[in-house]
file run.cif (mmCIF, C-alpha atoms and all ligand atoms)
data_target
loop_
_atom_site.label_atom_id
_atom_site.label_comp_id
_atom_site.auth_asym_id
_atom_site.auth_seq_id
_atom_site.Cartn_x
_atom_site.Cartn_y
_atom_site.Cartn_z
CA MET A 120 0.00 0.00 0.00
CA ARG A 121 1.43 3.36 -1.05
CA LEU A 122 1.41 5.77 1.87
CA ARG A 123 0.92 9.38 0.95
CA ASN A 124 0.44 12.58 2.83
CA VAL A 125 -2.95 13.64 1.60
CA PRO A 126 -3.64 17.38 1.87
CA LYS A 127 -6.97 18.11 3.53
CA SER A 128 -8.41 19.57 0.30
CA LEU A 129 -7.83 16.22 -1.45
CA GLU A 130 -9.54 14.09 1.19
CA PRO A 131 -12.89 14.20 -0.67
CA VAL A 132 -11.11 12.69 -3.70
CA ARG A 133 -9.41 9.87 -1.76
CA ASN A 134 -12.55 9.17 0.25
CA ASN A 135 -14.86 8.91 -2.76
CA PRO A 136 -15.58 5.25 -3.65
CA SER A 137 -15.03 6.07 -7.34
CA TYR A 138 -11.40 6.95 -6.64
CA VAL A 139 -8.90 4.16 -7.38
CA ASP A 140 -5.67 4.60 -5.45
CA ARG A 141 -3.72 1.76 -7.12
CA PRO A 142 -4.68 1.52 -10.80
CA ASP A 143 -1.56 -0.60 -11.36
CA GLU A 144 -3.15 -3.39 -9.30
CA LEU A 145 -6.13 -3.44 -11.69
CA LYS A 146 -4.10 -3.96 -14.86
CA GLY A 147 -5.97 -6.67 -16.82
CA LYS A 148 -8.70 -6.71 -14.12
CA TRP A 149 -10.78 -3.63 -14.86
CA SER A 150 -13.86 -5.69 -15.74
CA GLU A 151 -13.56 -7.42 -12.36
CA TYR A 152 -13.31 -4.02 -10.70
CA PHE A 153 -16.51 -2.80 -12.40
CA ASN A 154 -18.05 -6.22 -11.77
CA ASN A 155 -19.39 -6.54 -15.31
CA SER A 156 -18.16 -7.02 -18.87
CA ASN A 157 -19.43 -3.66 -20.17
CA SER A 158 -17.28 -1.55 -22.46
CA ILE A 159 -14.67 0.67 -20.87
CA TYR A 160 -14.23 4.26 -22.09
CA MET A 161 -11.40 6.42 -20.77
CA GLU A 162 -10.75 10.15 -20.96
CA ILE A 163 -7.08 11.10 -20.70
CA GLY A 164 -6.69 14.50 -19.05
CA SER A 165 -10.20 14.82 -17.60
CA GLY A 166 -9.51 18.18 -15.99
CA LYS A 167 -12.50 19.41 -14.02
CA GLY A 168 -14.53 16.42 -15.18
CA GLN A 169 -17.73 17.80 -16.72
CA PHE A 170 -17.44 15.55 -19.79
CA ILE A 171 -16.68 12.22 -18.11
CA THR A 172 -19.09 12.65 -15.18
CA THR A 173 -21.95 13.66 -17.52
CA HIS A 174 -21.23 10.59 -19.64
CA ALA A 175 -21.06 8.29 -16.61
CA LYS A 176 -24.33 9.61 -15.17
CA SER A 177 -26.20 9.24 -18.45
CA ASN A 178 -24.81 5.87 -19.67
CA GLU A 179 -24.99 3.38 -16.83
CA SER A 180 -24.16 0.44 -19.10
CA ILE A 181 -20.74 1.82 -20.00
CA ASN A 182 -17.80 1.94 -17.61
CA TYR A 183 -15.73 5.13 -17.54
CA ILE A 184 -12.25 5.94 -16.36
CA ALA A 185 -11.21 9.53 -15.70
CA MET A 186 -7.41 9.90 -15.88
CA GLU A 187 -5.90 13.15 -14.64
CA ARG A 188 -2.35 13.76 -13.54
CA TYR A 189 -2.95 16.79 -11.31
CA SER A 190 -4.59 15.79 -8.07
CA ALA A 191 -5.54 19.43 -7.38
CA VAL A 192 -7.75 19.37 -10.51
CA LEU A 193 -9.27 16.10 -9.29
CA GLY A 194 -10.39 18.07 -6.24
CA ILE A 195 -12.69 20.02 -8.59
CA LEU A 196 -13.75 16.95 -10.61
CA ILE A 197 -14.84 15.09 -7.48
CA LYS A 198 -17.45 17.74 -6.68
CA LYS A 199 -19.37 16.48 -9.72
CA VAL A 200 -19.45 12.92 -8.35
CA PRO A 201 -21.94 11.92 -5.63
CA GLU A 202 -20.33 11.24 -2.23
CA GLU A 203 -21.29 7.59 -2.57
CA GLY A 204 -19.48 7.43 -5.94
CA LEU A 205 -20.78 6.20 -9.28
CA PRO A 206 -20.57 2.44 -9.86
CA ASN A 207 -19.53 2.89 -13.50
CA LEU A 208 -16.83 5.51 -12.90
CA ALA A 209 -13.22 5.08 -11.80
CA ILE A 210 -11.09 8.13 -11.16
CA ILE A 211 -7.34 7.75 -11.36
CA ASP A 212 -4.61 10.18 -10.39
CA ALA A 213 -2.21 9.11 -13.12
CA ASP A 214 -0.03 10.20 -16.02
CA ALA A 215 -0.58 8.90 -19.55
CA GLU A 216 3.17 8.32 -19.61
CA ASN A 217 2.56 5.22 -17.45
CA LEU A 218 -0.50 3.82 -19.27
CA LEU A 219 1.12 0.43 -19.82
CA ASP A 220 1.39 -0.01 -16.03
CA TYR A 221 -2.39 0.32 -15.67
CA PHE A 222 -3.98 -1.41 -18.64
CA ASP A 223 -3.56 -4.65 -20.53
CA ASP A 224 -3.83 -5.12 -24.27
CA GLY A 225 -7.39 -4.69 -25.53
CA GLU A 226 -8.91 -3.56 -22.19
CA LEU A 227 -10.33 -0.30 -23.53
CA GLU A 228 -12.97 0.30 -26.13
CA ARG A 229 -12.74 4.05 -26.45
CA ILE A 230 -10.28 6.79 -25.54
CA PHE A 231 -11.31 10.43 -25.40
CA LEU A 232 -8.71 13.16 -25.87
CA ASN A 233 -10.43 16.44 -25.10
CA PHE A 234 -8.49 19.67 -25.45
CA SER A 235 -5.18 18.00 -24.71
CA ASP A 236 -2.31 20.37 -24.00
CA PRO A 237 -1.03 21.35 -27.48
CA TRP A 238 2.64 21.77 -26.48
CA PRO A 239 3.17 24.26 -29.37
CA LYS A 240 6.97 24.30 -29.31
CA LYS A 241 8.47 21.84 -31.79
CA ARG A 242 10.96 20.59 -29.20
CA HIS A 243 8.00 19.54 -27.01
CA ALA A 244 6.22 17.57 -29.76
CA LYS A 245 6.97 14.29 -27.95
CA ARG A 246 4.81 15.44 -25.04
CA ARG A 247 1.69 15.86 -27.19
CA LEU A 248 -0.81 13.14 -26.31
CA THR A 249 -1.23 12.41 -30.04
CA ASN A 250 2.47 11.91 -30.66
CA ILE A 251 2.94 8.57 -32.42
CA ARG A 252 4.67 7.16 -29.34
CA TYR A 253 1.39 7.58 -27.43
CA LEU A 254 -0.74 6.43 -30.39
CA GLU A 255 1.17 3.13 -30.52
CA ILE A 256 0.40 2.61 -26.82
CA TYR A 257 -3.31 3.48 -27.26
CA LYS A 258 -3.44 0.99 -30.14
CA LYS A 259 -2.24 -1.80 -27.85
CA LEU A 260 -4.73 -0.94 -25.12
CA LEU A 261 -7.71 -0.63 -27.46
CA LYS A 262 -9.85 -3.55 -28.59
CA ASP A 263 -9.67 -4.23 -32.34
CA ASP A 264 -12.86 -2.27 -32.93
CA GLY A 265 -11.72 0.47 -30.54
CA ILE A 266 -11.68 4.15 -31.35
CA ILE A 267 -10.13 7.41 -30.20
CA VAL A 268 -12.34 10.49 -30.20
CA LEU A 269 -10.51 13.82 -30.23
CA LYS A 270 -11.64 17.41 -29.80
CA THR A 271 -9.44 20.49 -29.71
CA ASP A 272 -9.46 24.24 -30.26
CA ASN A 273 -5.92 24.26 -31.64
CA GLN A 274 -5.60 23.86 -35.40
CA ASP A 275 -1.84 23.20 -35.36
CA PHE A 276 -2.33 20.46 -32.78
CA PHE A 277 -5.23 19.10 -34.84
CA ASP A 278 -3.21 18.98 -38.07
CA PHE A 279 -0.29 17.40 -36.23
CA SER A 280 -2.67 14.80 -34.75
CA ILE A 281 -4.10 13.88 -38.17
CA GLU A 282 -0.58 13.33 -39.48
CA GLN A 283 0.39 11.17 -36.51
CA PHE A 284 -2.81 9.08 -36.61
CA GLU A 285 -2.18 8.38 -40.29
CA LEU A 286 1.45 7.45 -39.61
CA ALA A 287 0.28 5.04 -36.90
CA GLY A 288 -2.17 3.40 -39.34
CA PHE A 289 -5.47 4.57 -37.84
CA LEU A 290 -8.47 5.11 -40.11
CA LEU A 291 -9.80 8.66 -39.67
CA LYS A 292 -13.48 9.51 -39.89
CA ASP A 293 -15.77 12.39 -38.96
CA ILE A 294 -13.05 15.00 -39.38
CA THR A 295 -14.50 18.44 -38.74
CA TYR A 296 -12.98 21.91 -38.56
CA ASP A 297 -16.12 23.32 -36.96
CA LEU A 298 -17.85 20.69 -34.83
CA HIS A 299 -20.56 22.97 -33.51
CA ASN A 300 -21.68 23.98 -37.00
CA SER A 301 -21.72 20.41 -38.29
CA PRO A 302 -24.25 17.57 -37.95
CA LEU A 303 -21.61 15.71 -35.90
CA VAL A 304 -22.48 17.92 -32.94
CA GLU A 305 -25.60 15.86 -32.25
CA GLY A 306 -25.19 14.14 -28.88
CA ASN A 307 -21.96 16.05 -28.18
CA ILE A 308 -21.17 16.47 -24.49
CA THR A 309 -19.13 19.60 -23.85
CA THR A 310 -16.06 19.93 -21.66
CA GLU A 311 -15.11 22.95 -19.54
CA TYR A 312 -12.47 24.05 -22.09
CA GLU A 313 -14.87 23.55 -24.98
CA GLU A 314 -17.43 25.86 -23.37
CA ARG A 315 -14.76 28.48 -22.79
CA TYR A 316 -13.71 28.46 -26.49
CA LEU A 317 -17.30 28.36 -27.71
CA ASN A 318 -18.07 31.44 -25.63
CA GLN A 319 -15.17 33.16 -27.40
CA GLY A 320 -16.72 32.22 -30.77
CA LEU A 321 -13.84 29.90 -31.68
CA PRO A 322 -14.28 26.76 -33.79
CA ILE A 323 -13.81 23.31 -32.30
CA TYR A 324 -11.95 20.70 -34.35
CA GLY A 325 -12.78 17.04 -34.02
CA LEU A 326 -12.16 13.57 -35.41
CA THR A 327 -12.63 9.87 -34.72
CA ALA A 328 -9.70 7.50 -35.24
CA TYR A 329 -10.36 3.79 -35.77
CA LYS A 330 -7.72 1.31 -34.64
CA LEU A 331 -8.47 -0.91 -37.64
CA ASN A 332 -7.32 0.82 -40.81
CA SER A 333 -9.01 0.55 -44.21
CA TYR A 334 -6.84 -2.46 -45.08
CA ASP A 335 -7.83 -4.37 -41.93
CA LEU A 336 -11.46 -3.48 -42.56
CA GLY A 337 -11.25 -4.92 -46.08
CA LEU A 338 -11.99 -1.54 -47.67
CA VAL A 339 -8.92 -1.69 -49.94
C1 LIG B 401 -6.28 21.69 -21.32
S1 LIG B 401 -6.85 20.68 -20.05
C2 LIG B 401 -8.40 20.01 -20.69
C3 LIG B 401 -9.25 19.44 -19.61
C4 LIG B 401 -10.58 18.81 -20.08
N1 LIG B 401 -10.34 17.64 -20.90
C5 LIG B 401 -11.42 19.81 -20.82
O1 LIG B 401 -11.54 19.68 -22.05
O2 LIG B 401 -11.98 20.70 -20.17
C6 LIG B 401 -5.78 19.28 -20.20
C7 LIG B 401 -5.79 18.38 -18.98
O3 LIG B 401 -5.03 17.23 -19.26
C8 LIG B 401 -4.23 16.92 -18.14
N2 LIG B 401 -3.06 16.19 -18.66
C9 LIG B 401 -2.11 16.69 -19.48
N3 LIG B 401 -1.19 15.76 -19.77
C10 LIG B 401 -1.57 14.64 -19.10
C11 LIG B 401 -1.01 13.34 -18.98
N4 LIG B 401 0.15 13.04 -19.59
N5 LIG B 401 -1.64 12.43 -18.23
C12 LIG B 401 -2.80 12.75 -17.58
N6 LIG B 401 -3.38 13.97 -17.65
C13 LIG B 401 -2.76 14.90 -18.40
C14 LIG B 401 -3.89 18.27 -17.56
O4 LIG B 401 -3.52 18.17 -16.20
C15 LIG B 401 -5.18 19.04 -17.75
O5 LIG B 401 -6.06 18.89 -16.66
#
call {"tool": "encode", "arguments": {"input": "run.cif", "output": "structure tokens"}}
result
Amino acid sequence: MRLRNVPKSLEPVRNNPSYVDRPDELKGKWSEYFNNSNSIYMEIGSGKGQFITTHAKSNESINYIAMERYSAVLGILIKKVPEEGLPNLAIIDADAENLLDYFDDGELERIFLNFSDPWPKKRHAKRRLTNIRYLEIYKKLLKDDGIIVLKTDNQDFFDFSIEQFELAGFLLKDITYDLHNSPLVEGNITTEYEERYLNQGLPIYGLTAYKLNSYDLGLV
């Protein structure tokens, strides 16, 4: 058991039944943790949690994992989760850098990347969550029919992401340079950052990346 000094402000996070202190111990066992074989969707970089908690509350037959590396931000996310937790939500205080410590091959069905930090400087490109080194890891953790759903306000990051997904052999669909003025917006659940950019009148870029490429799908 990892012993940590938990600041008082973070006690509500650690005390919430949806919080998982040792995600590494659940590697390959997430279905056992949720006590069902439902699909598992994960958001990497959940921030203040509006997106993932809204999803979890409205889709009880899907399991959700909120991954966020700053525990202080989790202190805000947890306010959106009932004190008794949500049975289909797991919250982990973790860095995408260590994904392979937490998940086995094919454990996830969907990964959401919402307004990931764009790391605009070229020398920081490796830190972008859509850098091919991350995409290769996501590919391992996704089921064969798994997908990655991305939204961003940053066109350079978006264009970079498209290039990296293609390099990694994903099939891209539903590419939009203005999500909120496209039919794809139907059923869209907004994030805190998304609302901020929408209020500024900025376009939101989006895409869906399929693990199986056109060749695997028999389309070529
Ligand atoms: C720009 S915010 C977006 C938050 C939220 N998804 C939204 O759209 O409102 C990016 C979030 O991703 C988290 N993050 C960045 N890199 C991460 C990583 N490697 N692992 C886990 N979380 C990360 C940051 O701490 C931050 O909360």
call {"tool": "residues_around", "arguments": {"input": "run.cif", "residues": "Val200 in chain A", "least_positions_apart": "2", "cutoff": "12 Å", "atoms": "all atoms listed in the file", "output": "compact mmCIF listing (two decimals) with C-alpha atoms, keeping the file's coordinate frame"}}
result
# COMPACT_ATOMS: atom_id res chain seq x y z
CA PRO A 131 -12.89 14.20 -0.67
CA VAL A 132 -11.11 12.69 -3.70
CA ASN A 134 -12.55 9.17 0.25
CA ASN A 135 -14.86 8.91 -2.76
CA PRO A 136 -15.58 5.25 -3.65
CA SER A 137 -15.03 6.07 -7.34
CA TYR A 138 -11.40 6.95 -6.64
CA LYS A 167 -12.50 19.41 -14.02
CA GLY A 168 -14.53 16.42 -15.18
CA GLN A 169 -17.73 17.80 -16.72
CA PHE A 170 -17.44 15.55 -19.79
CA ILE A 171 -16.68 12.22 -18.11
CA THR A 172 -19.09 12.65 -15.18
CA THR A 173 -21.95 13.66 -17.52
CA HIS A 174 -21.23 10.59 -19.64
CA ALA A 175 -21.06 8.29 -16.61
CA LYS A 176 -24.33 9.61 -15.17
CA ALA A 185 -11.21 9.53 -15.70
CA LEU A 193 -9.27 16.10 -9.29
CA GLY A 194 -10.39 18.07 -6.24
CA ILE A 195 -12.69 20.02 -8.59
CA LEU A 196 -13.75 16.95 -10.61
CA ILE A 197 -14.84 15.09 -7.48
CA LYS A 198 -17.45 17.74 -6.68
CA GLU A 202 -20.33 11.24 -2.23
CA GLU A 203 -21.29 7.59 -2.57
CA GLY A 204 -19.48 7.43 -5.94
CA LEU A 205 -20.78 6.20 -9.28
CA PRO A 206 -20.57 2.44 -9.86
CA ASN A 207 -19.53 2.89 -13.50
CA LEU A 208 -16.83 5.51 -12.90
CA ALA A 209 -13.22 5.08 -11.80
CA ILE A 210 -11.09 8.13 -11.16
call {"tool": "closest_residue", "arguments": {"input": "run.cif", "among": "A:Asp214, A:Glu228, A:Asp143, A:Asp335", "to": "Ile181 in chain A", "atoms": "only C-alpha atoms"}}
result
A:Glu228
call {"tool": "closest_residue", "arguments": {"input": "run.cif", "among": "A:Glu216, A:Glu226, A:Glu314, A:Asp275", "to": "Asp263 in chain A", "atoms": "all atoms listed in the file"}}
result
A:Glu226
call {"tool": "residues_around", "arguments": {"input": "run.cif", "residues": "Asn273 in chain A", "least_positions_apart": "6", "cutoff": "8 Å", "atoms": "only C-alpha atoms", "output": "list in words"}}
result
Pro237, Ile323 and Tyr324 of chain A
call {"tool": "atom_distance", "arguments": {"input": "run.cif", "atom1": "CA of Ser177 in chain A", "atom2": "CA of Lys259 in chain A"}}
result
28.0 Å
call {"tool": "closest_atom_pairs", "arguments": {"input": "run.cif", "of": "chain A", "to": "ligand LIG 401 (chain B)", "cutoff": "9 Å", "atoms": "all atoms listed in the file", "output": "Markdown table"}}
result
| residue | atom | partner | partner_atom | distance |
| --- | --- | --- | --- | --- |
| A:Glu162 | CA | B:LIG401 | N1 | 7.5 |
| A:Ile163 | CA | B:LIG401 | C12 | 5.5 |
| A:Gly164 | CA | B:LIG401 | O3 | 3.2 |
| A:Ser165 | CA | B:LIG401 | N1 | 4.3 |
| A:Gly166 | CA | B:LIG401 | O5 | 3.6 |
| A:Lys167 | CA | B:LIG401 | O2 | 6.3 |
| A:Gly168 | CA | B:LIG401 | C4 | 6.7 |
| A:Gln169 | CA | B:LIG401 | O2 | 7.3 |
| A:Phe170 | CA | B:LIG401 | C5 | 7.4 |
| A:Ile171 | CA | B:LIG401 | N1 | 8.8 |
| A:Met186 | CA | B:LIG401 | C12 | 5.7 |
| A:Glu187 | CA | B:LIG401 | N6 | 4.0 |
| A:Arg188 | CA | B:LIG401 | C12 | 4.2 |
| A:Tyr189 | CA | B:LIG401 | O4 | 5.1 |
| A:Ser190 | CA | B:LIG401 | O4 | 8.5 |
| A:Val192 | CA | B:LIG401 | O5 | 6.4 |
| A:Leu193 | CA | B:LIG401 | O5 | 8.5 |
| A:Asp212 | CA | B:LIG401 | C12 | 7.8 |
| A:Ala213 | CA | B:LIG401 | C12 | 5.8 |
| A:Asp214 | CA | B:LIG401 | N5 | 3.5 |
| A:Ala215 | CA | B:LIG401 | N5 | 3.9 |
| A:Glu216 | CA | B:LIG401 | N4 | 5.6 |
| A:Asn217 | CA | B:LIG401 | N5 | 8.4 |
| A:Leu218 | CA | B:LIG401 | N5 | 8.7 |
| A:Phe231 | CA | B:LIG401 | N1 | 8.6 |
| A:Leu232 | CA | B:LIG401 | N1 | 6.9 |
| A:Asn233 | CA | B:LIG401 | N1 | 4.4 |
| A:Phe234 | CA | B:LIG401 | O1 | 4.6 |
| A:Ser235 | CA | B:LIG401 | C6 | 4.7 |
| A:Asp236 | CA | B:LIG401 | C1 | 5.0 |
| A:Pro237 | CA | B:LIG401 | C1 | 8.1 |
| A:Arg246 | CA | B:LIG401 | N4 | 7.6 |
| A:Arg247 | CA | B:LIG401 | N3 | 8.0 |
| A:Leu248 | CA | B:LIG401 | N4 | 6.8 |
| A:Lys270 | CA | B:LIG401 | O1 | 8.1 |
| A:Thr271 | CA | B:LIG401 | O1 | 8.0 |
| A:Thr309 | CA | B:LIG401 | O1 | 7.8 |
| A:Thr310 | CA | B:LIG401 | O2 | 4.4 |
| A:Glu311 | CA | B:LIG401 | O2 | 3.9 |
| A:Tyr312 | CA | B:LIG401 | O2 | 3.9 |
| A:Glu313 | CA | B:LIG401 | O1 | 5.9 |
| A:Glu314 | CA | B:LIG401 | O2 | 8.2 |
| A:Arg315 | CA | B:LIG401 | O2 | 8.7 |
call {"tool": "residues_around", "arguments": {"input": "run.cif", "residues": "range 145-148 of chain A", "least_positions_apart": "3", "cutoff": "9 Å", "atoms": "all atoms listed in the file", "output": "list of chain:residue names"}}
result
A:Arg141, A:Pro142, A:Glu151, A:Tyr152, A:Phe153, A:Leu219, A:Asp220, A:Tyr221, A:Phe222, A:Asp223, A:Asp224, A:Glu226
call {"tool": "atom_distance", "arguments": {"input": "run.cif", "atom1": "CA of Ile230 in chain A", "atom2": "CA of Leu286 in chain A"}}
result
18.3 Å
call {"tool": "build_atoms", "arguments": {"input": "run.cif", "residues": "range 205-219 of chain A", "atoms": "N, CA and C atoms", "output": "PDB file, in the frame of the given file"}}
result
ATOM      1  N   LEU A 205     -19.940   6.711  -8.187  1.00  0.00           N
ATOM      2  CA  LEU A 205     -20.780   6.200  -9.280  1.00  0.00           C
ATOM      3  C   LEU A 205     -20.221   4.805  -9.599  1.00  0.00           C
ATOM      4  N   PRO A 206     -21.090   3.797  -9.679  1.00  0.00           N
ATOM      5  CA  PRO A 206     -20.570   2.440  -9.860  1.00  0.00           C
ATOM      6  C   PRO A 206     -19.847   2.224 -11.181  1.00  0.00           C
ATOM      7  N   ASN A 207     -20.149   3.063 -12.181  1.00  0.00           N
ATOM      8  CA  ASN A 207     -19.530   2.890 -13.500  1.00  0.00           C
ATOM      9  C   ASN A 207     -18.434   3.926 -13.768  1.00  0.00           C
ATOM     10  N   LEU A 208     -17.904   4.522 -12.721  1.00  0.00           N
ATOM     11  CA  LEU A 208     -16.830   5.510 -12.900  1.00  0.00           C
ATOM     12  C   LEU A 208     -15.645   5.195 -11.994  1.00  0.00           C
ATOM     13  N   ALA A 209     -14.454   5.208 -12.587  1.00  0.00           N
ATOM     14  CA  ALA A 209     -13.220   5.080 -11.800  1.00  0.00           C
ATOM     15  C   ALA A 209     -12.380   6.322 -12.080  1.00  0.00           C
ATOM     16  N   ILE A 210     -11.889   6.919 -11.022  1.00  0.00           N
ATOM     17  CA  ILE A 210     -11.090   8.130 -11.160  1.00  0.00           C
ATOM     18  C   ILE A 210      -9.652   7.793 -10.791  1.00  0.00           C
ATOM     19  N   ILE A 211      -8.721   8.067 -11.694  1.00  0.00           N
ATOM     20  CA  ILE A 211      -7.340   7.750 -11.360  1.00  0.00           C
ATOM     21  C   ILE A 211      -6.432   8.967 -11.480  1.00  0.00           C
ATOM     22  N   ASP A 212      -5.571   9.089 -10.492  1.00  0.00           N
ATOM     23  CA  ASP A 212      -4.610  10.180 -10.390  1.00  0.00           C
ATOM     24  C   ASP A 212      -3.350   9.652 -11.066  1.00  0.00           C
ATOM     25  N   ALA A 213      -3.264   9.819 -12.399  1.00  0.00           N
ATOM     26  CA  ALA A 213      -2.210   9.110 -13.120  1.00  0.00           C
ATOM     27  C   ALA A 213      -1.789   9.886 -14.361  1.00  0.00           C
ATOM     28  N   ASP A 214      -0.612   9.535 -14.848  1.00  0.00           N
ATOM     29  CA  ASP A 214      -0.030  10.200 -16.020  1.00  0.00           C
ATOM     30  C   ASP A 214      -0.078   9.226 -17.201  1.00  0.00           C
ATOM     31  N   ALA A 215      -0.493   9.738 -18.347  1.00  0.00           N
ATOM     32  CA  ALA A 215      -0.580   8.900 -19.550  1.00  0.00           C
ATOM     33  C   ALA A 215       0.769   8.252 -19.877  1.00  0.00           C
ATOM     34  N   GLU A 216       1.823   8.858 -19.407  1.00  0.00           N
ATOM     35  CA  GLU A 216       3.170   8.320 -19.610  1.00  0.00           C
ATOM     36  C   GLU A 216       3.261   6.869 -19.118  1.00  0.00           C
ATOM     37  N   ASN A 217       2.457   6.550 -18.072  1.00  0.00           N
ATOM     38  CA  ASN A 217       2.560   5.220 -17.450  1.00  0.00           C
ATOM     39  C   ASN A 217       1.388   4.299 -17.797  1.00  0.00           C
ATOM     40  N   LEU A 218       0.702   4.590 -18.910  1.00  0.00           N
ATOM     41  CA  LEU A 218      -0.500   3.820 -19.270  1.00  0.00           C
ATOM     42  C   LEU A 218      -0.289   2.306 -19.255  1.00  0.00           C
ATOM     43  N   LEU A 219       0.888   1.883 -19.711  1.00  0.00           N
ATOM     44  CA  LEU A 219       1.120   0.430 -19.820  1.00  0.00           C
ATOM     45  C   LEU A 219       1.194  -0.240 -18.448  1.00  0.00           C
TER      46      LEU A 219
END
